[in-house]
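File shown: entry08.txt. Contents: compact mmCIF, C-alpha atoms.
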```
# COMPACT_ATOMS: atom_id res chain seq x y z
CA MET A 113 114.70 133.32 127.32
CA THR A 114 115.88 135.23 124.24
CA GLU A 115 113.73 138.35 124.06
CA PRO A 116 112.11 138.65 120.62
CA ALA A 117 111.25 142.14 119.37
CA VAL A 118 107.62 141.03 119.19
CA LEU A 119 106.10 138.09 121.11
CA LEU A 120 102.70 136.81 119.99
CA ASP A 121 100.48 135.01 122.47
CA CYS A 122 98.75 132.24 120.50
CA ARG A 123 97.94 130.01 123.45
CA ARG A 124 94.74 127.99 122.95
CA LEU A 125 94.62 128.86 119.23
CA LEU A 126 94.38 125.82 116.95
CA CYS A 127 96.28 125.35 113.70
CA PRO A 128 96.65 127.17 111.38
CA ARG A 129 95.98 130.26 113.57
CA PRO A 130 99.46 130.57 115.16
CA VAL A 131 101.06 130.60 111.69
CA VAL A 132 98.41 133.02 110.39
CA GLU A 133 99.20 135.40 113.29
CA LEU A 134 102.91 135.05 112.56
CA ALA A 135 102.36 136.04 108.94
CA LYS A 136 100.11 138.98 109.87
CA ASN A 137 102.53 140.37 112.45
CA LEU A 138 105.86 139.79 110.71
CA HIS A 139 105.85 143.41 109.44
CA ARG A 140 106.02 144.62 113.05
CA VAL A 141 109.68 143.57 113.34
CA ALA A 142 112.53 145.00 111.27
CA ILE A 143 114.56 142.81 108.95
CA GLY A 144 117.15 141.01 111.08
CA GLU A 145 114.96 141.19 114.20
CA THR A 146 113.23 138.24 115.86
CA ILE A 147 109.54 137.50 116.27
CA GLY A 148 108.30 134.84 118.68
CA VAL A 149 105.03 132.96 118.87
CA ALA A 150 103.89 131.19 122.03
CA ALA A 151 101.64 128.33 120.93
CA ASP A 152 100.45 125.20 122.71
CA ASP A 153 98.91 123.66 119.58
CA VAL A 154 101.14 120.68 118.69
CA ALA A 155 100.99 121.38 114.95
CA ALA A 156 102.97 124.61 115.50
CA ARG A 157 106.06 122.53 116.26
CA THR A 158 106.16 121.42 112.62
CA ASP A 159 104.31 124.27 110.97
CA VAL A 160 106.34 127.25 112.22
CA PRO A 161 109.62 125.86 110.81
CA ALA A 162 107.78 124.83 107.61
CA TRP A 163 106.32 128.34 107.29
CA ALA A 164 109.78 129.90 107.75
CA ARG A 165 111.22 127.60 105.08
CA MET A 166 108.41 128.32 102.60
CA ARG A 167 108.45 132.09 103.21
CA GLY A 168 112.24 132.53 103.22
CA GLN A 169 112.49 133.44 106.92
CA GLN A 170 114.91 131.87 109.41
CA PHE A 171 113.58 129.54 112.10
CA LEU A 172 115.86 129.96 115.13
CA GLY A 173 114.49 127.31 117.46
CA THR A 174 112.15 126.78 120.37
CA GLU A 175 112.31 128.00 123.97
CA ASN A 176 109.84 127.61 126.78
CA ALA A 177 107.81 130.44 128.29
CA GLU A 178 107.50 130.60 132.09
CA ASP A 179 104.29 128.56 131.94
CA GLY A 180 106.10 125.89 129.91
CA VAL A 181 104.36 126.73 126.61
CA PRO A 182 106.78 126.53 123.65
CA VAL A 183 107.83 129.81 122.07
CA TYR A 184 108.90 129.47 118.45
CA LEU A 185 111.44 132.05 117.32
CA VAL A 186 111.86 133.31 113.78
CA ARG A 187 114.28 135.91 112.40
CA ARG A 188 112.83 138.12 109.69
CA LEU A 189 115.05 137.95 106.60
CA SER A 190 112.84 139.73 104.06
CA MET B 56 78.05 114.13 90.92
CA THR B 57 80.86 113.82 93.42
CA SER B 58 84.37 113.08 92.18
CA TYR B 59 85.64 110.40 94.56
CA LEU B 60 89.33 111.12 95.06
CA ASP B 61 90.06 109.18 98.23
CA THR B 62 90.96 105.69 97.01
CA ALA B 63 94.01 105.63 99.28
CA SER B 64 91.44 105.33 102.09
CA SER B 65 89.24 102.86 100.21
CA GLU B 66 88.81 101.97 96.53
CA PRO B 67 85.31 101.36 95.12
CA LEU B 68 84.55 97.68 94.53
CA HIS B 69 86.08 96.52 91.24
CA PRO B 70 83.48 95.30 88.71
CA ALA B 71 85.39 92.01 88.48
CA ALA B 72 84.79 91.47 92.21
CA ARG B 73 81.07 92.20 92.24
CA ALA B 74 79.81 89.20 90.26
CA VAL B 75 82.21 86.85 92.04
CA LEU B 76 81.09 88.20 95.42
CA GLU B 77 77.41 87.65 94.66
CA GLN B 78 78.00 84.06 93.51
CA ALA B 79 80.23 83.27 96.48
CA LEU B 80 77.72 84.71 98.96
CA THR B 81 75.31 82.07 97.66
CA ALA B 82 77.72 79.14 97.37
CA GLY B 83 80.43 79.88 99.93
CA TYR B 84 78.60 80.16 103.24
CA ALA B 85 79.67 76.87 104.86
CA ASP B 86 82.64 76.22 107.15
CA PRO B 87 85.43 75.04 104.83
CA ARG B 88 86.67 72.54 107.48
CA ARG B 89 83.56 70.37 107.49
CA LEU B 90 83.18 67.12 105.58
CA HIS B 91 79.91 67.74 103.71
CA GLY B 92 79.13 69.04 100.27
CA PRO B 93 78.46 72.71 101.11
CA ALA B 94 81.73 72.76 103.11
CA ARG B 95 83.61 71.26 100.16
CA ASN B 96 82.19 74.06 97.99
CA ALA B 97 83.37 76.69 100.45
CA ARG B 98 86.78 75.01 100.67
CA ILE B 99 87.15 75.00 96.89
CA ILE B 100 86.24 78.69 96.76
CA LEU B 101 88.72 79.50 99.55
CA ASP B 102 91.50 77.48 97.90
CA ASN B 103 90.79 79.25 94.61
CA ALA B 104 91.00 82.61 96.36
CA ARG B 105 94.35 81.66 97.90
CA GLU B 106 95.79 80.39 94.62
CA ALA B 107 94.59 83.38 92.61
CA THR B 108 95.95 85.80 95.22
CA ALA B 109 99.31 84.00 95.30
CA GLU B 110 99.55 84.01 91.51
CA ALA B 111 98.69 87.71 91.23
CA LEU B 112 101.31 88.58 93.85
CA GLY B 113 104.01 86.17 92.65
CA VAL B 114 104.12 84.19 95.93
CA ARG B 115 103.31 80.60 96.96
CA PRO B 116 99.74 79.70 97.98
CA ASP B 117 100.96 78.40 101.36
CA GLU B 118 102.43 81.84 102.05
CA VAL B 119 98.95 83.45 101.89
CA THR B 120 96.64 83.82 104.91
CA PHE B 121 93.33 85.69 104.78
CA THR B 122 92.73 87.90 107.81
CA PRO B 123 89.72 89.96 108.96
CA SER B 124 91.45 93.24 107.98
CA GLY B 125 94.68 94.76 106.72
CA THR B 126 95.30 96.07 110.24
CA HIS B 127 95.08 92.56 111.69
CA ALA B 128 97.48 91.33 109.02
CA VAL B 129 99.90 94.11 110.05
CA HIS B 130 99.65 93.11 113.70
CA LEU B 131 100.21 89.42 112.87
CA GLY B 132 103.07 90.24 110.52
CA VAL B 133 104.97 92.53 112.90
CA LEU B 134 104.34 90.74 116.19
CA GLY B 135 104.66 87.22 114.70
CA LEU B 136 108.10 88.08 113.34
CA LEU B 137 109.12 89.47 116.74
CA ALA B 138 107.84 86.28 118.41
CA GLY B 139 109.84 84.19 115.96
CA ALA B 140 112.99 86.24 116.62
CA ALA B 141 112.58 86.34 120.41
CA ARG B 142 115.81 84.45 121.04
CA ALA B 143 117.80 86.95 118.99
CA GLY B 144 116.40 90.06 120.71
CA ASP B 145 113.29 92.18 121.13
CA HIS B 146 114.00 95.49 119.38
CA LEU B 147 111.54 96.59 116.72
CA VAL B 148 112.52 99.49 114.46
CA ALA B 149 109.90 101.03 112.16
CA THR B 150 110.31 104.01 109.88
CA ALA B 151 108.84 107.21 111.32
CA VAL B 152 106.26 107.29 108.51
CA GLU B 153 104.66 103.86 108.97
CA HIS B 154 100.90 103.48 109.10
CA ALA B 155 99.27 103.87 112.52
CA SER B 156 98.61 100.10 112.66
CA VAL B 157 102.38 99.46 112.71
CA MET B 158 102.88 102.09 115.43
CA HIS B 159 100.11 100.49 117.49
CA ALA B 160 101.78 97.08 117.10
CA GLY B 161 105.02 98.66 118.35
CA GLN B 162 103.25 100.13 121.39
CA TRP B 163 101.68 96.72 122.10
CA HIS B 164 105.17 95.18 121.93
CA VAL B 165 106.51 97.76 124.41
CA ALA B 166 103.59 97.15 126.79
CA ARG B 167 104.72 93.50 126.90
CA GLY B 168 108.32 94.32 127.73
CA GLY B 169 109.77 94.73 124.23
CA SER B 170 111.48 97.80 122.81
CA PHE B 171 110.45 99.93 119.85
CA SER B 172 111.96 102.94 118.09
CA THR B 173 111.46 104.76 114.82
CA ALA B 174 113.99 105.63 112.13
CA PRO B 175 114.01 109.12 110.59
CA VAL B 176 113.13 109.95 106.98
CA GLU B 177 114.37 112.46 104.44
CA PRO B 178 112.17 115.47 103.56
CA ASP B 179 110.76 113.42 100.63
CA GLY B 180 109.58 110.74 103.07
CA ARG B 181 112.19 108.09 102.19
CA VAL B 182 113.82 106.34 105.13
CA ARG B 183 117.61 106.69 105.43
CA VAL B 184 119.30 103.32 104.90
CA ASP B 185 122.69 104.67 106.08
CA GLY B 186 122.59 104.95 109.82
CA PHE B 187 119.44 102.85 110.12
CA PRO B 188 119.49 101.57 113.72
CA ASP B 189 120.29 97.99 114.69
CA ALA B 190 117.07 96.01 114.94
CA THR B 191 115.81 92.55 115.76
CA VAL B 192 112.92 93.13 113.37
CA ILE B 193 112.40 95.96 110.88
CA ALA B 194 108.98 97.28 109.85
CA VAL B 195 108.86 99.27 106.62
CA GLN B 196 106.15 100.02 104.12
CA ALA B 197 106.52 99.31 100.40
CA ALA B 198 105.13 102.80 99.73
CA ASN B 199 103.87 105.55 101.98
CA HIS B 200 100.10 105.75 102.26
CA GLU B 201 99.97 109.53 102.60
CA VAL B 202 102.68 110.88 100.30
CA GLY B 203 103.31 107.93 97.95
CA THR B 204 107.09 107.73 98.34
CA LEU B 205 108.50 104.21 97.70
CA GLN B 206 110.76 102.77 100.38
CA PRO B 207 114.06 100.84 99.98
CA VAL B 208 112.63 97.54 101.26
CA ALA B 209 115.22 95.21 99.70
CA ALA B 210 118.17 97.26 101.03
CA LEU B 211 116.79 97.23 104.58
CA ALA B 212 115.96 93.52 104.41
CA GLU B 213 119.69 92.74 104.33
CA ARG B 214 119.93 94.00 107.92
CA ALA B 215 117.25 92.06 109.81
CA PRO B 216 114.04 90.05 109.30
CA LEU B 217 111.64 92.53 107.76
CA PHE B 218 107.90 93.09 107.92
CA MET B 219 106.58 94.98 104.89
CA ASP B 220 103.32 96.92 104.97
CA ALA B 221 102.21 96.69 101.36
CA CYS B 222 98.68 97.98 101.95
CA ALA B 223 99.12 101.17 99.93
CA SER B 224 100.84 99.58 96.94
CA ALA B 225 99.51 96.01 96.64
CA GLY B 226 98.06 95.29 93.22
CA ARG B 227 99.28 98.62 91.87
CA LEU B 228 102.99 97.72 91.97
CA PRO B 229 104.85 94.38 92.16
CA LEU B 230 105.91 93.42 95.69
CA PRO B 231 109.51 94.42 96.44
CA ASP B 232 111.93 91.61 97.39
CA GLY B 233 113.38 90.77 100.75
CA TRP B 234 110.44 90.71 103.18
CA SER B 235 109.82 87.90 105.64
CA THR B 236 106.22 88.88 106.35
CA ALA B 237 103.89 91.34 104.63
CA ALA B 238 100.39 92.75 105.03
CA LEU B 239 97.83 93.74 102.39
CA SER B 240 94.32 95.14 102.55
CA ALA B 241 91.75 94.20 99.90
CA HIS B 242 89.60 97.35 100.05
CA LYS B 243 92.64 99.42 99.00
CA TRP B 244 92.71 97.68 95.58
CA GLY B 245 88.99 97.34 94.92
CA GLY B 246 88.16 94.21 96.89
CA PRO B 247 85.62 94.30 99.72
CA ALA B 248 86.47 95.61 103.20
CA GLY B 249 86.90 92.92 105.85
CA VAL B 250 89.61 91.05 103.93
CA GLY B 251 93.28 91.42 104.73
CA VAL B 252 96.15 89.25 103.57
CA LEU B 253 99.10 88.16 105.68
CA LEU B 254 102.07 86.84 103.72
CA VAL B 255 104.66 84.74 105.52
CA ARG B 256 107.66 83.79 103.40
CA LYS B 257 108.43 80.07 103.25
CA GLY B 258 111.15 79.47 105.85
CA ALA B 259 110.59 82.75 107.73
CA ARG B 260 110.69 82.45 111.51
CA TRP B 261 107.12 83.43 112.37
CA ARG B 262 105.18 82.46 115.48
CA ASN B 263 101.58 83.31 116.21
CA PRO B 264 101.70 86.22 118.69
CA PHE B 265 98.01 85.82 119.57
CA PRO B 266 95.90 82.88 120.77
CA GLY B 267 95.89 80.33 117.97
CA ASP B 268 92.90 78.76 116.25
CA ASP B 269 92.04 75.40 114.69
CA ARG B 270 91.65 76.44 111.10
CA VAL B 271 92.96 74.68 107.99
CA ASP B 272 95.43 77.57 107.78
CA GLU B 273 97.18 77.68 111.18
CA ARG B 274 97.79 81.43 110.87
CA ALA B 275 94.12 82.28 110.35
CA THR B 276 91.89 83.74 113.07
CA GLY B 277 88.30 82.49 113.00
CA MET B 278 86.39 81.35 109.95
CA GLU B 279 87.63 83.02 106.81
CA ASN B 280 85.41 85.49 104.98
CA VAL B 281 85.21 83.10 102.02
CA PRO B 282 83.05 85.24 99.68
CA GLY B 283 85.11 88.33 100.55
CA ALA B 284 88.41 86.52 99.98
CA VAL B 285 87.47 85.25 96.53
CA ALA B 286 86.05 88.63 95.52
CA ALA B 287 89.26 90.27 96.74
CA ALA B 288 91.28 87.80 94.67
CA ALA B 289 89.20 88.53 91.55
CA ALA B 290 89.72 92.27 92.04
CA LEU B 291 93.44 91.77 92.60
CA GLN B 292 93.81 89.71 89.41
CA ALA B 293 91.97 92.36 87.43
CA VAL B 294 93.96 95.23 88.91
CA VAL B 295 97.26 93.46 88.20
CA ALA B 296 96.19 92.68 84.63
CA GLU B 297 95.22 96.32 84.04
CA ARG B 298 97.98 98.03 86.00
CA ALA B 299 100.38 98.89 83.20
CA ALA B 300 97.69 101.00 81.53
CA THR B 301 96.15 102.26 84.79
CA ASN B 302 99.49 103.35 86.24
CA THR B 303 100.49 105.22 83.10
CA ARG B 304 97.17 107.06 83.03
CA GLN B 305 97.15 107.83 86.76
CA SER B 306 100.80 108.93 86.82
CA ARG B 307 100.11 111.42 84.05
CA LEU B 308 97.05 112.79 85.88
CA ILE B 309 99.02 113.13 89.14
CA ASP B 310 101.82 114.95 87.27
CA ARG B 311 99.17 117.29 85.86
CA LEU B 312 97.76 117.90 89.34
CA ARG B 313 101.22 118.44 90.87
CA ALA B 314 102.09 120.97 88.17
CA GLY B 315 98.73 122.72 88.56
CA VAL B 316 98.58 123.14 92.34
CA VAL B 317 102.03 124.74 92.61
CA ARG B 318 100.64 127.67 90.62
CA ILE B 319 98.66 128.50 93.76
CA PRO B 320 100.91 130.71 95.92
CA ASP B 321 102.39 129.30 99.14
CA THR B 322 101.65 125.67 98.28
CA GLU B 323 103.89 122.78 99.22
CA VAL B 324 103.69 119.48 97.30
CA VAL B 325 105.23 116.68 99.32
CA GLY B 326 106.63 113.23 98.56
CA ASP B 327 109.05 111.96 95.92
CA PRO B 328 107.88 113.27 92.51
CA HIS B 329 109.15 110.20 90.61
CA ASP B 330 109.66 107.09 92.78
CA ARG B 331 106.12 107.08 94.11
CA LEU B 332 102.74 105.42 93.99
CA PRO B 333 101.07 106.21 90.66
CA HIS B 334 97.68 107.23 92.01
CA LEU B 335 98.12 109.73 94.82
CA VAL B 336 99.62 113.10 95.73
CA THR B 337 99.66 115.19 98.90
CA PHE B 338 99.96 118.97 99.13
CA SER B 339 99.46 121.66 101.73
CA PHE B 340 98.29 125.27 101.46
CA LEU B 341 99.81 127.75 103.90
CA TYR B 342 97.30 129.53 106.21
CA VAL B 343 94.45 127.18 105.22
CA ASP B 344 92.39 125.24 107.75
CA GLY B 345 92.29 121.56 106.78
CA GLU B 346 88.71 120.97 107.89
CA ALA B 347 87.51 124.09 106.06
CA ILE B 348 89.06 123.06 102.74
CA VAL B 349 87.86 119.44 102.91
CA THR B 350 84.34 120.61 103.78
CA GLU B 351 84.28 123.23 101.02
CA LEU B 352 85.59 120.75 98.42
CA ASP B 353 82.95 118.26 99.52
CA ARG B 354 80.32 120.96 98.96
CA ARG B 355 81.75 121.54 95.48
CA GLY B 356 81.68 117.81 94.67
CA PHE B 357 85.12 116.46 95.56
CA ALA B 358 85.76 113.77 98.17
CA VAL B 359 89.35 114.11 99.41
CA ALA B 360 91.25 113.26 102.59
CA SER B 361 93.47 115.45 104.77
CA GLY B 362 96.29 114.79 107.22
CA SER B 363 95.76 118.07 109.07
CA ALA B 364 95.17 117.90 112.81
CA CYS B 365 91.70 119.38 112.72
CA THR B 366 90.55 116.65 110.31
CA ALA B 367 92.14 113.73 112.17
CA SER B 368 90.48 111.50 114.72
CA THR B 369 93.44 112.07 117.06
CA LEU B 370 93.49 115.91 116.96
CA GLU B 371 97.20 115.61 116.18
CA PRO B 372 98.64 116.38 112.77
CA SER B 373 99.74 113.52 110.52
CA HIS B 374 102.85 111.89 112.01
CA VAL B 375 103.98 111.27 108.42
CA LEU B 376 104.02 114.97 107.50
CA THR B 377 105.57 115.82 110.88
CA ALA B 378 108.39 113.29 110.38
CA MET B 379 109.09 114.81 106.95
CA GLY B 380 109.15 118.35 108.36
CA ALA B 381 106.36 119.22 105.90
CA LEU B 382 103.60 121.73 106.52
CA THR B 383 100.77 119.92 108.32
CA HIS B 384 97.89 122.39 108.06
CA GLY B 385 95.87 123.00 104.91
CA ASN B 386 96.73 119.49 103.80
CA LEU B 387 94.96 117.48 101.10
CA ARG B 388 95.61 113.96 99.86
CA VAL B 389 94.15 113.31 96.43
CA SER B 390 94.04 109.68 95.29
CA LEU B 391 92.55 108.57 91.98
CA THR B 392 90.10 105.82 91.10
CA ARG B 393 90.86 103.54 88.16
CA ASP B 394 88.63 105.70 85.98
CA THR B 395 89.34 109.23 87.19
CA ASP B 396 89.73 111.30 84.01
CA GLU B 397 91.47 114.48 82.97
CA ALA B 398 88.23 116.48 83.12
CA GLU B 399 87.84 115.71 86.84
CA ILE B 400 91.41 116.79 87.57
CA ASP B 401 90.95 119.96 85.56
CA ARG B 402 87.70 120.71 87.38
CA LEU B 403 89.55 120.31 90.70
CA LEU B 404 92.35 122.57 89.44
CA ASP B 405 89.71 125.13 88.41
CA GLU B 406 88.10 125.16 91.85
CA LEU B 407 91.15 124.99 94.12
CA PRO B 408 92.54 128.54 93.61
CA ASP B 409 89.16 130.06 94.54
CA VAL B 410 88.63 127.74 97.52
CA VAL B 411 92.12 128.46 98.87
CA ALA B 412 91.83 132.22 98.29
CA ARG B 413 88.48 132.42 100.09
CA ILE B 414 89.70 130.54 103.16
CA ARG B 415 92.84 132.67 103.29
CA SER B 416 90.84 135.88 103.00
CA GLU B 417 88.51 134.73 105.81
CA ALA B 418 91.66 134.27 107.92
CA GLY B 419 92.57 137.89 107.10
CA LEU B 420 95.33 137.16 104.60
```
Any chance you could put this one into structure tokens?
Amino acid sequence: MTEPAVLLDCRRLLCPRPVVELAKNLHRVAIGETIGVAADDVAARTDVPAWARMRGQQFLGTENAEDGVPVYLVRRLS
Amino acid sequence: MTSYLDTASSEPLHPAARAVLEQALTAGYADPRRLHGPARNARIILDNAREATAEALGVRPDEVTFTPSGTHAVHLGVLGLLAGAARAGDHLVATAVEHASVMHAGQWHVARGGSFSTAPVEPDGRVRVDGFPDATVIAVQAANHEVGTLQPVAALAERAPLFMDACASAGRLPLPDGWSTAALSAHKWGGPAGVGVLLVRKGARWRNPFPGDDRVDERATGMENVPGAVAAAAALQAVVAERAATNTRQSRLIDRLRAGVVRIPDTEVVGDPHDRLPHLVTFSFLYVDGEAIVTELDRRGFAVASGSACTASTLEPSHVLTAMGALTHGNLRVSLTRDTDEAEIDRLLDELPDVVARIRSEAGL
């Protein structure tokens, strides 16, 4: 798996918590670096890319963690 | 007093329907098939309901069947068209943003050996006509029930026999051309619940996909809800007669709401801003919990719906918003009654920034 600079564990958190955590922790990565969020809530599949679009960040795609939970990857642009 | 802003779920009974319903409950109880006086009265009322409905919709009376719900009309419309086309193939294609009742009909079809797929939509919710898959039967809505976007029904109808779900738009907008079967739901236009309408175009290849019945109308299931049908027809006639004025008023109020909510930071308004239903709009607030905002608005006197996962019976976010790639949390669908006024919209616009800010601050943002 691509190693993000910061990986958030949002397993078992319901929407909109994974996106809230993403927003709160974005400052922890430098511009150009990648932040990942592992989330098993199905809404994250749509909401992480929508968040990136609305906030001017770049959604890179989805990979799976070792336990199979999707990890959504975002590059910080601003 | 609560502002009821959820007519896309169910419209309050139209005043024109109420008096008709009360009279018909008294006079229209008998089985219209029987040969006695009370039955003849019920039959006259049912025939009147059929003729008035046909006239309001611009179809023939023999194309109208009253069903026990809009959902049942959808099932009959989709599956009956597939049954009629069985020699040509068995592949149903629906747009990815159809109502759940269409999706359930597709799953039923698959469980009986048929095939079913969905066609993607643009970010505004409109299905792509170019590249639309080959289909034995197409299912497409006249307008989307969550975001209001109108669909290119006539263009798709050139490709295959088409079922049209007109539940969200019936009465409010004229029926588009090209459909072979269509479904309507009376409580969405101000008729009573428990009355759906199946339309089968003269000459369309439709076969009953369910056990038949011995009604006057061969497509009907069980004894018609005669009082409900005639009340639904009265409401439909009234709504059609009033719609030029209603649509202008509602469109202006929705434009006002759309312009107002985008002043709240991190808000996404979804659906086509122009080619849409006149009476509804959907928007989502980033970082906001859908259940929290619906509950808080209810407390402040606004009844609105949400497509967010935490507010849905399925615990999954709206498949419509998902198919559009739109934000699914913090979602509200506001849909106007025929007499929603500017003061109600302005009161909602006054409350929303505070409600959204509080929920965001509780989330730590």
How close does each residue of chain B get to chain A, giving the shortest atom pair and distance in Å to one decimal for every residue with an atom at most 9 Å away, counting all atoms listed in the file, sorted by chain and residue number, as CSV?
```
residue,atom,partner,partner_atom,distance
B:Asp321,CA,A:Met166,CA,7.0
B:Thr322,CA,A:Met166,CA,8.4
B:Glu323,CA,A:Met166,CA,7.9
B:Leu341,CA,A:Trp163,CA,7.4
B:Tyr342,CA,A:Val132,CA,5.6
B:Val343,CA,A:Pro128,CA,6.5
B:Asp344,CA,A:Pro128,CA,5.9
B:Gly345,CA,A:Pro128,CA,8.5
B:Ser363,CA,A:Ala155,CA,8.5
B:Ala364,CA,A:Ala155,CA,7.1
B:Cys365,CA,A:Cys127,CA,7.6
B:Glu371,CA,A:Val154,CA,6.9
B:Pro372,CA,A:Ala155,CA,5.9
B:Leu376,CA,A:Thr158,CA,8.5
B:Thr377,CA,A:Thr158,CA,5.9
B:Ala378,CA,A:Thr158,CA,8.7
B:Gly380,CA,A:Thr158,CA,6.0
B:Ala381,CA,A:Ala162,CA,6.0
B:Leu382,CA,A:Asp159,CA,5.2
B:Thr383,CA,A:Asp159,CA,6.2
B:His384,CA,A:Pro128,CA,6.0
B:Gly385,CA,A:Pro128,CA,7.7
B:Ala418,CA,A:Val132,CA,7.3
B:Gly419,CA,A:Lys136,CA,8.1
B:Leu420,CA,A:Lys136,CA,7.3
```
CA of Ile400 (chain B) sits from CA of Val359 (chain B) at a separation of 12.3 Å
Original post:
Which neighbours of Pro116 (chain A) fall inside 7 Å, counting all atoms listed in the file, when residues of the same chain fewer than 3 positions from it are skipped, and could you give them as a ChimeraX atom specification?
Top reply: /A:119,146-148
Please tell me which residues are no farther than 12 Å from (101.8, 133.5, 124.8) in the file, counting all atoms listed in the file, and write them as a list in words.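 Returned residue set, sorted by chain then number, is Val118, Leu119, Leu120, Asp121, Cys122, Arg123, Arg124, Leu125, Pro130, Glu133, Gly148, Val149, Ala150, Ala151, Asp152, Asp153, Glu175, Asn176, Ala177, Glu178, Asp179, Gly180, Val181, Pro182, Val183 and Tyr184 of chain A.
Rounded to one decimal, CA of Val255 (chain B) and CA of Gly283 (chain B) lie 20.5 Å from each other.
Distances to Leu185 (chain A) were evaluated for A:Leu138, A:Ala117, A:Leu172, A:Ala164 using all atoms listed in the file, and the minimum falls at A:Leu172.
Among the candidates B:Asn263, B:Gln305, B:Ser64, B:Thr276, the residue lying nearest to Arg227 (chain B) is B:Gln305 (atoms considered: all atoms listed in the file).
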Using all atoms listed in the file, which protein or nucleic acid residues come within 9 Å of Arg188 (chain A)? Drop anything in the same chain fewer than 5 positions from it, and give the result as an MDAnalysis selection string. chainID A and resid 138:139 141:147 164 168:171
Once you count only C-alpha atoms, what closest atom pair and distance in Å to one decimal does each residue of region 100-126 of chain B within 12 Å of region 216-221 of chain B have, with rows by chain and rising residue number, as CSV?
```
residue,atom,partner,partner_atom,distance
B:Leu112,CA,B:Ala221,CA,11.1
B:Gly125,CA,B:Asp220,CA,9.1
B:Thr126,CA,B:Asp220,CA,9.6
```
Set the distance at 10 Å and use all atoms listed in the file: which residues neighbour His329 (chain B) once local chain neighbours fewer than 5 positions away are removed? I'd like the list as a PDB file with C-alpha atoms, keeping the file's coordinate frame.
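Final output, result_22.pdb:
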```pdb
ATOM      1  CA  GLY B 203     103.310 107.930  97.950  1.00  0.00           C
ATOM      2  CA  THR B 204     107.090 107.730  98.340  1.00  0.00           C
ATOM      3  CA  LEU B 205     108.500 104.210  97.700  1.00  0.00           C
ATOM      4  CA  SER B 306     100.800 108.930  86.820  1.00  0.00           C
ATOM      5  CA  ASP B 310     101.820 114.950  87.270  1.00  0.00           C
TER       6      ASP B 310
END
```
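CA of Ala259 (chain B) is positioned 28.8 Å from CA of Pro282 (chain B).
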